[in-house]
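Data file: data.csv. Format and content: CSV, C-alpha atoms.
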chain,number,residue,atom,x,y,z
A,1,MET,CA,13.9,11.2,12.2
A,2,TYR,CA,14.1,14.1,14.7
A,3,GLU,CA,12.6,11.9,17.5
A,4,LEU,CA,15.2,9.2,16.7
A,5,ALA,CA,18.0,11.8,16.7
A,6,ASN,CA,16.8,13.3,20.0
A,7,GLU,CA,16.8,9.8,21.6
A,8,GLY,CA,20.3,9.0,20.2
A,9,GLY,CA,18.8,6.5,17.7
A,10,LEU,CA,20.9,7.9,14.9
A,11,SER,CA,24.2,7.8,16.8
A,12,ASP,CA,25.7,5.4,14.3
A,13,VAL,CA,24.9,7.7,11.4
A,14,GLU,CA,28.1,9.5,10.8
A,15,ARG,CA,26.9,11.9,8.1
A,16,LEU,CA,23.5,12.7,6.8
A,17,ILE,CA,23.6,14.3,3.4
A,18,ASP,CA,20.7,16.3,2.0
A,19,ILE,CA,20.4,15.5,-1.7
A,20,THR,CA,17.4,17.8,-2.4
A,21,GLY,CA,19.8,20.5,-3.7
A,22,LEU,CA,21.2,18.3,-6.5
A,23,GLY,CA,18.7,19.4,-9.1
A,24,LEU,CA,17.1,16.0,-9.2
A,25,ASN,CA,13.5,17.3,-9.5
A,26,TYR,CA,12.5,17.3,-13.1
A,27,VAL,CA,10.4,15.6,-15.7
A,28,ARG,CA,11.9,15.8,-19.1
A,29,VAL,CA,11.5,14.1,-22.5
A,30,LYS,CA,14.5,13.0,-24.5
A,31,GLY,CA,13.5,11.4,-27.8
A,32,GLU,CA,11.6,8.2,-26.9
A,33,SER,CA,12.4,8.4,-23.2
A,34,ILE,CA,10.7,10.2,-20.4
A,35,GLN,CA,13.0,10.9,-17.4
A,36,ILE,CA,11.9,11.6,-13.9
A,37,GLY,CA,14.4,13.0,-11.4
A,38,ALA,CA,14.5,11.0,-8.2
A,39,ALA,CA,13.7,14.0,-6.0
A,40,THR,CA,10.6,15.0,-8.0
A,41,THR,CA,7.6,15.2,-5.6
A,42,PHE,CA,4.4,13.4,-6.2
A,43,ALA,CA,2.7,16.8,-6.6
A,44,GLU,CA,5.2,17.7,-9.4
A,45,VAL,CA,4.7,14.3,-11.1
A,46,GLY,CA,0.9,14.7,-10.9
A,47,ALA,CA,1.1,18.1,-12.5
A,48,SER,CA,3.5,17.2,-15.3
A,49,PRO,CA,2.0,17.4,-18.9
A,50,ASP,CA,4.8,15.0,-20.1
A,51,LEU,CA,3.4,12.3,-17.8
A,52,ALA,CA,-0.2,12.9,-18.8
A,53,LYS,CA,0.1,10.5,-21.7
A,54,ALA,CA,-1.8,7.2,-22.1
A,55,ASP,CA,1.3,4.9,-22.1
A,56,VAL,CA,2.8,6.3,-18.9
A,57,LEU,CA,-0.4,7.5,-17.2
A,58,ALA,CA,-0.1,5.0,-14.3
A,59,ILE,CA,2.7,7.1,-12.8
A,60,SER,CA,0.8,10.4,-12.6
A,61,GLU,CA,-2.4,8.5,-11.6
A,62,THR,CA,-0.5,7.0,-8.7
A,63,ALA,CA,1.0,10.3,-7.7
A,64,LYS,CA,-2.4,12.0,-7.7
A,65,LYS,CA,-4.0,9.3,-5.6
A,66,ILE,CA,-1.4,9.6,-2.9
A,67,THR,CA,-2.9,11.5,0.0
A,68,PRO,CA,-2.7,13.8,1.8
A,69,PRO,CA,-1.4,17.0,0.0
A,70,GLN,CA,1.3,17.3,2.7
A,71,VAL,CA,2.7,14.0,1.5
A,72,ARG,CA,2.3,14.9,-2.2
A,73,ASN,CA,4.3,18.1,-1.5
A,74,LEU,CA,7.1,16.4,0.4
A,75,GLY,CA,7.3,12.8,-0.8
A,76,THR,CA,9.4,12.0,-3.9
A,77,VAL,CA,9.3,9.2,-6.5
A,78,GLY,CA,12.9,8.2,-5.6
A,79,GLY,CA,12.0,8.1,-1.9
A,80,ALA,CA,9.1,5.8,-2.5
A,81,LEU,CA,11.3,3.4,-4.4
A,82,CYS,CA,14.4,3.5,-2.1
A,83,SER,CA,12.3,2.8,1.0
A,84,GLY,CA,11.6,-0.7,-0.2
A,85,ILE,CA,8.2,-0.8,1.4
A,86,PRO,CA,6.1,-3.4,-0.4
A,87,PHE,CA,2.7,-1.7,0.2
A,88,TYR,CA,3.6,1.7,-1.3
A,89,ASP,CA,1.8,2.6,-4.5
A,90,MET,CA,4.5,4.1,-6.7
A,91,PRO,CA,6.8,1.0,-6.8
A,92,THR,CA,3.9,-1.1,-8.2
A,93,SER,CA,3.4,1.3,-11.1
A,94,VAL,CA,7.1,1.7,-11.8
A,95,LEU,CA,7.3,-2.1,-12.0
A,96,ALA,CA,4.3,-2.4,-14.3
A,97,LEU,CA,5.9,0.2,-16.6
A,98,GLY,CA,9.2,-1.7,-16.7
A,99,ALA,CA,11.0,1.5,-15.8
A,100,ARG,CA,14.8,1.7,-15.8
A,101,ILE,CA,16.2,3.0,-12.6
A,102,LYS,CA,19.4,4.9,-12.7
A,103,VAL,CA,21.8,5.0,-9.7
A,104,THR,CA,25.0,6.9,-9.3
A,105,SER,CA,28.1,6.3,-7.1
A,106,PRO,CA,31.6,7.7,-7.1
A,107,ASP,CA,32.4,5.0,-9.7
A,108,GLY,CA,29.8,6.3,-12.1
A,109,GLU,CA,26.3,5.5,-13.2
A,110,ARG,CA,24.5,2.1,-13.7
A,111,VAL,CA,21.0,1.2,-14.6
A,112,ILE,CA,18.9,-1.3,-12.7
A,113,GLU,CA,15.9,-2.7,-14.4
A,114,SER,CA,12.7,-2.4,-12.3
A,115,ASP,CA,12.4,-6.2,-12.4
A,116,GLU,CA,15.7,-6.4,-10.5
A,117,PHE,CA,15.3,-3.4,-8.2
A,118,PHE,CA,13.1,-4.7,-5.4
A,119,VAL,CA,14.8,-7.3,-3.4
A,120,ASP,CA,13.1,-7.8,0.0
A,121,TYR,CA,11.3,-5.9,2.7
A,122,PHE,CA,13.1,-2.6,3.0
A,123,VAL,CA,15.9,-3.9,0.7
A,124,THR,CA,16.6,-2.7,-2.9
A,125,ALA,CA,19.4,-3.4,-5.3
A,126,ILE,CA,21.0,-0.1,-4.5
A,127,SER,CA,24.5,-0.4,-2.8
A,128,GLN,CA,25.6,1.5,0.2
A,129,ASP,CA,27.6,4.0,-1.9
A,130,GLU,CA,24.9,4.7,-4.5
A,131,ILE,CA,22.0,7.1,-4.7
A,132,LEU,CA,19.0,6.8,-7.0
A,133,THR,CA,19.1,9.7,-9.5
A,134,GLU,CA,16.5,9.0,-12.2
A,135,ILE,CA,13.6,6.9,-13.3
A,136,GLU,CA,13.4,6.4,-17.1
A,137,LEU,CA,10.3,5.4,-18.9
A,138,LYS,CA,10.0,4.4,-22.6
A,139,LYS,CA,7.4,5.9,-24.8
A,140,ARG,CA,5.3,3.2,-26.4
A,141,PRO,CA,2.7,3.5,-29.2
A,142,ASN,CA,-0.7,1.9,-28.9
A,143,THR,CA,-0.1,1.5,-25.2
A,144,GLY,CA,-2.0,2.4,-22.1
A,145,SER,CA,-1.1,2.1,-18.4
A,146,ALA,CA,-3.2,2.4,-15.3
A,147,PHE,CA,-3.1,2.0,-11.5
A,148,ALA,CA,-5.8,0.6,-9.1
A,149,LYS,CA,-5.8,0.6,-5.4
A,150,LEU,CA,-7.9,-0.9,-2.6
A,151,GLY,CA,-7.5,0.9,0.8
A,152,ARG,CA,-9.8,1.0,3.7
A,153,LEU,CA,-10.0,4.8,3.1
A,154,SER,CA,-8.4,6.6,0.2
A,155,ALA,CA,-5.8,8.0,2.6
A,156,ASP,CA,-4.7,4.6,3.8
A,157,PHE,CA,-1.9,2.4,2.7
A,158,ALA,CA,-3.0,-0.1,0.1
A,159,VAL,CA,-4.6,-3.4,1.2
A,160,VAL,CA,-3.8,-4.4,-2.3
A,161,ASN,CA,-2.8,-2.4,-5.3
A,162,ALA,CA,-2.3,-3.2,-9.0
A,163,ALA,CA,-0.9,-1.6,-12.1
A,164,ALA,CA,-0.9,-2.6,-15.7
A,165,THR,CA,0.7,-1.6,-19.0
A,166,THR,CA,-1.0,-2.9,-22.1
A,167,THR,CA,0.1,-2.6,-25.8
A,168,LEU,CA,-2.5,-3.4,-28.4
A,169,GLY,CA,-1.5,-4.8,-31.8
A,170,SER,CA,-2.9,-3.5,-35.1
A,171,ASN,CA,-5.4,-6.4,-35.0
A,172,GLY,CA,-6.7,-5.0,-31.7
A,173,LYS,CA,-5.5,-7.9,-29.7
A,174,VAL,CA,-3.2,-7.7,-26.7
A,175,GLU,CA,0.3,-7.6,-28.1
A,176,ASP,CA,2.2,-7.3,-24.9
A,177,LEU,CA,1.5,-6.4,-21.3
A,178,ARG,CA,3.0,-6.1,-17.8
A,179,VAL,CA,1.0,-6.5,-14.7
A,180,ALA,CA,2.3,-5.8,-11.1
A,181,MET,CA,0.8,-5.9,-7.6
A,182,GLY,CA,1.8,-4.4,-4.3
A,183,ALA,CA,1.0,-5.3,-0.7
A,184,VAL,CA,0.9,-9.0,-1.4
A,185,ALA,CA,4.6,-10.0,-0.9
A,186,SER,CA,7.9,-8.8,0.5
A,187,THR,CA,8.3,-6.6,-2.6
A,188,PRO,CA,5.9,-5.5,-5.4
A,189,ILE,CA,5.7,-8.4,-7.8
A,190,ARG,CA,5.0,-9.1,-11.5
A,191,LEU,CA,2.0,-11.3,-12.3
A,192,LYS,CA,3.5,-13.3,-15.2
A,193,SER,CA,0.6,-15.9,-15.0
A,194,VAL,CA,-1.9,-13.1,-15.7
A,195,GLU,CA,0.4,-11.7,-18.5
A,196,ASP,CA,0.7,-15.1,-20.1
A,197,ALA,CA,-3.0,-15.7,-19.9
A,198,LEU,CA,-3.8,-12.5,-21.8
A,199,ARG,CA,-0.9,-12.0,-24.2
A,200,GLY,CA,-2.2,-12.5,-27.8
A,201,LYS,CA,-5.8,-12.6,-26.7
A,202,GLU,CA,-8.7,-10.3,-27.5
A,203,ALA,CA,-8.7,-7.1,-25.5
A,204,SER,CA,-12.2,-7.9,-24.3
A,205,ARG,CA,-13.7,-7.6,-20.9
A,206,ASP,CA,-14.3,-11.4,-20.8
A,207,ALA,CA,-10.7,-12.1,-21.7
A,208,VAL,CA,-9.4,-9.7,-19.0
A,209,VAL,CA,-11.7,-11.0,-16.3
A,210,ASN,CA,-10.6,-14.5,-17.2
A,211,ALA,CA,-6.9,-13.8,-17.2
A,212,SER,CA,-7.1,-11.8,-14.0
A,213,LYS,CA,-8.3,-14.9,-12.1
A,214,ALA,CA,-4.7,-16.1,-12.1
A,215,ALA,CA,-3.9,-13.3,-9.6
A,216,ALA,CA,-5.7,-15.4,-6.9
A,217,GLU,CA,-2.9,-18.0,-7.2
A,218,ILE,CA,-0.6,-15.7,-5.2
A,219,GLU,CA,-0.4,-16.6,-1.5
A,220,ALA,CA,-0.6,-13.0,-0.5
A,221,THR,CA,1.0,-11.9,2.8
A,222,PRO,CA,-1.8,-11.3,5.3
A,223,SER,CA,-2.0,-8.0,7.2
A,224,VAL,CA,-3.9,-6.8,10.2
A,225,HIS,CA,-6.5,-5.4,7.8
A,226,ALA,CA,-6.8,-8.3,5.3
A,227,SER,CA,-6.3,-12.0,5.5
A,228,THR,CA,-4.7,-14.0,2.6
A,229,ALA,CA,-8.2,-15.4,1.8
A,230,TYR,CA,-9.6,-11.9,1.5
A,231,LYS,CA,-6.7,-10.7,-0.6
A,232,LYS,CA,-7.2,-13.6,-2.9
A,233,LYS,CA,-10.7,-12.4,-3.5
A,234,VAL,CA,-9.8,-8.8,-4.2
A,235,MET,CA,-6.6,-9.3,-6.1
A,236,PRO,CA,-8.2,-10.4,-9.4
A,237,VAL,CA,-10.6,-7.4,-9.1
A,238,MET,CA,-7.8,-4.9,-8.7
A,239,VAL,CA,-5.9,-6.5,-11.6
A,240,ARG,CA,-9.0,-6.5,-13.8
A,241,ASP,CA,-9.6,-2.8,-13.1
A,242,ALA,CA,-6.0,-1.8,-13.9
A,243,LEU,CA,-6.1,-3.9,-17.1
A,244,LEU,CA,-9.4,-2.6,-18.3
A,245,SER,CA,-8.4,0.9,-17.7
A,246,SER,CA,-5.0,0.4,-19.4
A,247,ILE,CA,-6.7,-1.1,-22.5
A,248,GLU,CA,-9.2,1.8,-22.7
A,249,ARG,CA,-6.2,4.2,-22.7
A,250,ALA,CA,-4.3,2.2,-25.2
A,251,ARG,CA,-7.3,2.5,-27.5
A,252,GLY,CA,-7.7,6.2,-27.0
A,253,ARG,CA,-4.1,6.7,-28.1
A,254,SER,CA,-4.3,4.5,-31.1
A,255,ASN,CA,-7.1,6.6,-32.6
B,1,MET,CA,23.9,27.0,11.2
B,2,ARG,CA,22.2,30.3,10.5
B,3,ILE,CA,19.3,30.4,8.0
B,4,LYS,CA,17.4,33.2,6.5
B,5,LEU,CA,13.7,32.9,5.7
B,6,ARG,CA,10.6,34.9,5.1
B,7,LEU,CA,8.3,34.1,8.0
B,8,ASN,CA,4.7,35.3,7.7
B,9,GLY,CA,6.0,38.1,5.5
B,10,GLU,CA,8.9,39.2,7.7
B,11,GLU,CA,12.6,38.5,6.9
B,12,ARG,CA,14.1,36.4,9.8
B,13,GLU,CA,17.4,34.9,10.6
B,14,VAL,CA,17.5,31.9,12.9
B,15,ASP,CA,20.2,29.6,14.3
B,16,VAL,CA,19.3,26.0,13.9
B,17,GLU,CA,21.0,22.6,14.3
B,18,ALA,CA,21.1,20.1,11.4
B,19,TYR,CA,18.6,17.9,13.2
B,20,THR,CA,16.2,20.7,14.1
B,21,SER,CA,12.8,20.2,12.5
B,22,LEU,CA,10.9,23.2,11.2
B,23,ALA,CA,8.2,22.5,13.8
B,24,ASP,CA,10.8,22.7,16.6
B,25,MET,CA,12.4,25.8,15.2
B,26,LEU,CA,9.0,27.6,15.1
B,27,ARG,CA,8.0,26.4,18.6
B,28,ASP,CA,11.2,26.2,20.6
B,29,THR,CA,13.5,28.7,19.0
B,30,LEU,CA,11.0,31.3,18.0
B,31,GLY,CA,8.4,30.7,20.6
B,32,MET,CA,5.6,30.5,18.0
B,33,THR,CA,3.5,27.8,19.5
B,34,GLY,CA,0.5,28.1,17.2
B,35,THR,CA,2.0,25.3,15.2
B,36,LYS,CA,1.4,22.1,17.2
B,37,ARG,CA,3.3,18.9,17.5
B,38,GLY,CA,1.4,15.7,17.5
B,39,CYS,CA,2.8,12.4,16.2
B,40,ASP,CA,6.1,13.9,15.0
B,41,SER,CA,6.1,11.4,12.1
B,42,GLY,CA,3.8,12.9,9.4
B,43,GLY,CA,0.6,11.1,10.4
B,44,CYS,CA,-1.6,13.6,12.3
B,45,GLY,CA,-1.2,16.9,10.5
B,46,MET,CA,-1.1,19.2,13.7
B,47,CYS,CA,2.2,20.7,12.5
B,48,SER,CA,0.9,21.7,9.0
B,49,VAL,CA,2.4,25.0,7.7
B,50,ILE,CA,2.8,26.5,4.3
B,51,LEU,CA,6.2,26.4,2.6
B,52,ASP,CA,6.4,28.4,-0.6
B,53,GLY,CA,2.7,28.1,-1.1
B,54,LYS,CA,2.5,24.4,-0.4
B,55,VAL,CA,1.1,22.8,2.7
B,56,ILE,CA,3.7,20.5,4.4
B,57,TYR,CA,4.3,18.7,7.6
B,58,SER,CA,6.8,20.9,9.6
B,59,CYS,CA,7.6,17.9,11.9
B,60,MET,CA,9.2,16.1,8.9
B,61,THR,CA,10.9,19.0,7.3
B,62,PRO,CA,14.4,20.0,8.4
B,63,ALA,CA,14.4,23.7,9.5
B,64,TRP,CA,17.3,24.5,7.1
B,65,ARG,CA,15.1,23.5,4.2
B,66,ALA,CA,13.3,26.9,4.8
B,67,GLU,CA,16.5,28.7,3.8
B,68,GLY,CA,15.6,31.5,1.3
B,69,ARG,CA,12.0,30.4,1.3
B,70,SER,CA,8.7,31.6,2.6
B,71,VAL,CA,7.0,30.0,5.6
B,72,GLU,CA,3.4,30.8,6.6
B,73,THR,CA,2.0,29.8,10.1
B,74,VAL,CA,-1.2,30.3,11.8
B,75,GLU,CA,0.3,33.4,13.5
B,76,GLY,CA,0.4,35.1,10.2
B,77,LEU,CA,-3.3,34.7,9.3
B,78,GLU,CA,-4.6,37.7,11.2
B,79,LYS,CA,-3.7,41.0,9.5
B,80,ASP,CA,-4.0,44.4,11.3
B,81,GLY,CA,-6.3,43.0,13.9
B,82,ARG,CA,-8.6,41.4,11.3
B,83,LEU,CA,-9.1,37.7,11.3
B,84,HIS,CA,-8.5,35.8,8.1
B,85,PRO,CA,-11.9,34.9,6.5
B,86,LEU,CA,-11.3,31.3,7.4
B,87,GLN,CA,-10.6,32.2,11.0
B,88,ALA,CA,-13.7,34.3,11.1
B,89,ALA,CA,-15.8,31.5,9.6
B,90,PHE,CA,-14.4,29.0,12.1
B,91,VAL,CA,-15.3,31.4,15.0
B,92,ARG,CA,-18.8,32.0,13.5
B,93,ASN,CA,-19.5,28.2,13.3
B,94,SER,CA,-17.8,27.2,16.5
B,95,ALA,CA,-15.6,25.0,14.4
B,96,ALA,CA,-13.3,23.9,17.2
B,97,GLN,CA,-13.7,21.6,20.1
B,98,CYS,CA,-10.4,21.0,21.8
B,99,GLY,CA,-8.7,23.2,19.3
B,100,TYR,CA,-5.5,21.2,19.0
B,101,CYS,CA,-5.9,20.6,15.3
B,102,THR,CA,-7.3,24.0,14.4
B,103,SER,CA,-4.1,25.6,13.2
B,104,GLY,CA,-3.3,22.6,11.1
B,105,ILE,CA,-6.7,22.6,9.5
B,106,LEU,CA,-6.5,26.4,9.0
B,107,MET,CA,-3.2,26.2,7.2
B,108,ALA,CA,-4.3,23.2,5.1
B,109,SER,CA,-7.5,25.1,4.1
B,110,LYS,CA,-5.6,28.2,3.3
B,111,ALA,CA,-3.1,26.4,1.0
B,112,LEU,CA,-6.1,24.8,-0.7
B,113,LEU,CA,-8.0,28.0,-1.3
B,114,ASP,CA,-4.9,30.0,-2.2
B,115,LYS,CA,-4.3,27.6,-5.1
B,116,ASN,CA,-7.9,26.8,-5.9
B,117,PRO,CA,-10.5,29.4,-4.8
B,118,ARG,CA,-13.5,27.2,-5.8
B,119,PRO,CA,-12.7,23.6,-4.9
B,120,THR,CA,-15.2,20.9,-5.2
B,121,GLU,CA,-16.4,19.0,-2.1
B,122,GLY,CA,-14.0,16.2,-3.0
B,123,GLU,CA,-11.1,18.6,-3.4
B,124,ILE,CA,-11.9,20.2,0.0
B,125,ARG,CA,-11.9,16.7,1.7
B,126,ASP,CA,-8.7,15.8,-0.1
B,127,GLY,CA,-7.2,19.1,1.1
B,128,LEU,CA,-8.2,18.4,4.7
B,129,CYS,CA,-7.5,14.7,4.9
B,130,GLY,CA,-3.9,15.2,6.1
B,131,VAL,CA,-5.1,16.8,9.4
B,132,MET,CA,-6.9,14.6,12.0
B,133,CYS,CA,-9.5,16.0,14.2
B,134,ARG,CA,-10.1,13.5,17.0
B,135,CYS,CA,-13.1,15.4,18.4
B,136,THR,CA,-14.6,14.8,14.9
B,137,GLY,CA,-15.3,18.4,14.3
B,138,TYR,CA,-15.1,18.0,10.5
B,139,THR,CA,-18.7,19.0,9.8
B,140,GLN,CA,-18.2,22.5,11.1
B,141,TYR,CA,-14.8,22.8,9.4
B,142,LEU,CA,-16.3,21.8,6.0
B,143,LYS,CA,-19.2,24.2,6.6
B,144,SER,CA,-16.9,27.1,7.4
B,145,ILE,CA,-14.7,26.5,4.3
B,146,ARG,CA,-17.8,26.3,2.1
B,147,GLU,CA,-18.9,29.6,3.5
B,148,VAL,CA,-15.6,31.3,2.7
B,149,ILE,CA,-15.7,29.9,-0.8
B,150,ASP,CA,-19.3,31.2,-1.3
B,151,GLY,CA,-18.4,34.6,0.3
B,152,VAL,CA,-20.9,34.2,3.1
B,153,GLU,CA,-20.2,36.8,5.8
B,154,ARG,CA,-22.9,37.2,8.4
B,155,ALA,CA,-23.0,40.5,10.1
B,156,PRO,CA,-22.1,40.2,13.8
B,157,SER,CA,-25.3,39.6,15.8
B,158,ALA,CA,-26.5,42.5,17.8
B,159,LYS,CA,-26.4,42.1,21.6
Just give me the structure as structure tokens.
Amino acid sequence: MYELANEGGLSDVERLIDITGLGLNYVRVKGESIQIGAATTFAEVGASPDLAKADVLAISETAKKITPPQVRNLGTVGGALCSGIPFYDMPTSVLALGARIKVTSPDGERVIESDEFFVDYFVTAISQDEILTEIELKKRPNTGSAFAKLGRLSADFAVVNAAATTTLGSNGKVEDLRVAMGAVASTPIRLKSVEDALRGKEASRDAVVNASKAAAEIEATPSVHASTAYKKKVMPVMVRDALLSSIERARGRSN
Amino acid sequence: MRIKLRLNGEEREVDVEAYTSLADMLRDTLGMTGTKRGCDSGGCGMCSVILDGKVIYSCMTPAWRAEGRSVETVEGLEKDGRLHPLQAAFVRNSAAQCGYCTSGILMASKALLDKNPRPTEGEIRDGLCGVMCRCTGYTQYLKSIREVIDGVERAPSAK
């Protein structure tokens, strides 16, 4: 930003407003909802006991996996969402959790469902006069969520990432689930084919491995590090890992 | 605008522009060039300093964000002519080649040990992964940090 400013690259920016003083860094629980302020850093998210619960664990797991510490201490959940970058980690988990995203303008507040939030490369559903203020998660019984990432090194951006939220029924079968992937399209995406293949089925390893195969149907965007063909091979593996881990956590909670 | 901050334990007042980064304020306004600039975009870690106990990239932090807060830089490590244990260990182990990343590595290591005096090997590597050493001097850095954790202090060798 400073380089851009020094080179006159921000000359069309009339005002730059710092929103870090608005008190938007918090994690709080209100009844059945968990609210994360948009300016909450990844370090704060990772350290929050309110987010160390099986059903929402994908969020703090994602925050803790973000490296290096300099970024965990500066980077915020709201920033990760607003940037609209499809290979970031946090958007994938927010989408898999079906979070509600609150934005505020002079006209008041509105809620954008995570399914509607990500529009295109660098484009979100936020309007020019709005700011993101809060991410709201719902507490869900018998539910686990998890995040999995493949990078060349742990400190790299994802080659492919995946997140899953799974709710188990009283019969032990998969009652409902949400699966999302990042770094495969212009936004993080839901994998409804995988969800449909596992919904109502046994929460077994075989069933998960089988359902995860549908992830390979996505014609993933290639990058300099990974071709579409390579991504098609690793996508089912990332989805499998996220799903298995989410099921394990759902079971731990139902005990 | 004028900001007040605690810099290496001393109260300071500094005039900064809205677009001044903390790194530029330290280097250009205050002449404290121990903090280095590398990529200027949060990728290399040369500019790492400690803000209220947390290691951050000063190239990506507006100077005014230090208002009312505490900033530690490499210049503050030595106290009363005595090197910080990390600095002493770095010297002992020749843990520098070109030296450009040394202050960043020192501040990242200090932030890590201040918070967690007995980190695991994985935690040390995580603590350092935000500062790049292109001479690949990591082995001596890791050895030095391990020595500080274990309280190893060799007596200076006699001439």
Please report, as JSON lines, each residue of chain B lying at most 7 Å from chain A, together with the nearest pair of atoms and the separation in Å rounded to one decimal; use all atoms listed in the file, and order rows by chain and ascending residue number.
{"residue": "B:Tyr19", "atom": "CA", "partner": "A:Tyr2", "partner_atom": "CA", "distance": 6.1}
{"residue": "B:Thr20", "atom": "CA", "partner": "A:Tyr2", "partner_atom": "CA", "distance": 7.0}
{"residue": "B:Ser21", "atom": "CA", "partner": "A:Tyr2", "partner_atom": "CA", "distance": 6.6}
{"residue": "B:Lys54", "atom": "CA", "partner": "A:Asn73", "partner_atom": "CA", "distance": 6.6}
{"residue": "B:Val55", "atom": "CA", "partner": "A:Gln70", "partner_atom": "CA", "distance": 5.5}
{"residue": "B:Ile56", "atom": "CA", "partner": "A:Gln70", "partner_atom": "CA", "distance": 4.3}
{"residue": "B:Tyr57", "atom": "CA", "partner": "A:Gln70", "partner_atom": "CA", "distance": 5.9}
{"residue": "B:Asp126", "atom": "CA", "partner": "A:Pro68", "partner_atom": "CA", "distance": 6.6}
{"residue": "B:Gly127", "atom": "CA", "partner": "A:Pro69", "partner_atom": "CA", "distance": 6.3}
{"residue": "B:Cys129", "atom": "CA", "partner": "A:Pro68", "partner_atom": "CA", "distance": 5.8}
{"residue": "B:Gly130", "atom": "CA", "partner": "A:Pro68", "partner_atom": "CA", "distance": 4.7}
Completion exercise
From the list B:Leu51, B:Cys101, B:Cys44, B:Met60, the nearest residue to Asp24 in chain B using only C-alpha atoms is B:Met60
Handout entry: d(CA of Ser11 in chain A, CA of Glu130 in chain A) in Å
Key = 21.5 Å
Can you pull out the residues contacting Ser93 in chain A? Cut-off 8 Å, using all atoms listed in the file, and skip same-chain residues under 3 positions away; I want them as a short mmCIF file (atom, residue, chain, number, x, y, z; two decimals) with C-alpha atoms, in the coordinates of the input.
data_model
loop_
_atom_site.label_atom_id
_atom_site.label_comp_id
_atom_site.auth_asym_id
_atom_site.auth_seq_id
_atom_site.Cartn_x
_atom_site.Cartn_y
_atom_site.Cartn_z
CA ALA A 58 -0.10 5.00 -14.30
CA ILE A 59 2.70 7.10 -12.80
CA THR A 62 -0.50 7.00 -8.70
CA ASP A 89 1.80 2.60 -4.50
CA MET A 90 4.50 4.10 -6.70
CA ALA A 96 4.30 -2.40 -14.30
CA LEU A 97 5.90 0.20 -16.60
CA ALA A 146 -3.20 2.40 -15.30
CA PHE A 147 -3.10 2.00 -11.50
CA ALA A 162 -2.30 -3.20 -9.00
CA ALA A 163 -0.90 -1.60 -12.10
CA ALA A 164 -0.90 -2.60 -15.70
CA ALA A 180 2.30 -5.80 -11.10
#
Handout entry: Minimum-distance residue to Asp150 in chain B, chosen among B:Arg69, B:Leu86, B:Gly137, B:Gly81 (using only C-alpha atoms)
Key =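 Of B:Arg69, B:Leu86, B:Gly137, B:Gly81, the one nearest Asp150 in chain B, counting only C-alpha atoms, is B:Leu86.
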Exercise for the section: Work out how far apart CA of Lys79 in chain B and CA of Gly34 in chain B are and give it in Å to one decimal. Expected result: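 A separation of 15.6 Å between them.
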Problem - Within 10 Å of file point (-0.2, -4.3, -6.6), counting only C-alpha atoms, expressed as a ChimeraX atom specification - result: /A:86-93,95-96,147-150,158-164,179-185,187-191,235,238-239,242
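Going from CA of Ser193 in chain A to CA of Val237 in chain A covers 15.2 Å.
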Shell of 7 Å around range 105-117 of chain A, all atoms listed in the file, local chain residues under 3 positions omitted, as a compact mmCIF listing (two decimals) with C-alpha atoms, keeping the file's coordinate frame:
# COMPACT_ATOMS: atom_id res chain seq x y z
CA VAL A 94 7.10 1.70 -11.80
CA LEU A 95 7.30 -2.10 -12.00
CA GLY A 98 9.20 -1.70 -16.70
CA ALA A 99 11.00 1.50 -15.80
CA ARG A 100 14.80 1.70 -15.80
CA ILE A 101 16.20 3.00 -12.60
CA LYS A 102 19.40 4.90 -12.70
CA THR A 124 16.60 -2.70 -2.90
CA ALA A 125 19.40 -3.40 -5.30
CA ASP A 129 27.60 4.00 -1.90
CA GLU A 130 24.90 4.70 -4.50
CA ILE A 131 22.00 7.10 -4.70
Exercise for the section: Give as a ChimeraX atom specification the set of residues within 9 Å of the point (0.1, 2.0, -28.7), where distances use the file's coordinates and only C-alpha atoms. Expected result: /A:54-55,140-144,166-170,249-251,253-254
Practice task
For Gly45 in chain B, work out the shell of residues within 10 Å, counting all atoms listed in the file and skipping chain neighbours fewer than 4 positions away, then give it as an MDAnalysis selection string.
Solution key: (chainID A and resid 68 70) or (chainID B and resid 36:41 49 56:59 101 103:105 108 128:133)
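Closest approach to Gly43 in chain B among A:Asp120, A:Glu202, A:Asp156, A:Glu134: A:Asp156, based on all atoms listed in the file.
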Practice task
Skip range 4-6 of chain B itself and residues of its chain fewer than 6 positions away, then list as a ChimeraX atom specification all residues within 6 Å of it, counting only C-alpha atoms.
Solution key: /B:12-13,67-70
The selected residues should be written to file as a short mmCIF file (atom, residue, chain, number, x, y, z; two decimals), in the frame of the given file (atoms: C-alpha atoms).
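So the final result, stored in again.cif, reads:
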data_model
loop_
_atom_site.label_atom_id
_atom_site.label_comp_id
_atom_site.auth_asym_id
_atom_site.auth_seq_id
_atom_site.Cartn_x
_atom_site.Cartn_y
_atom_site.Cartn_z
CA ARG B 12 14.10 36.40 9.80
CA GLU B 13 17.40 34.90 10.60
CA GLU B 67 16.50 28.70 3.80
CA GLY B 68 15.60 31.50 1.30
CA ARG B 69 12.00 30.40 1.30
CA SER B 70 8.70 31.60 2.60
#
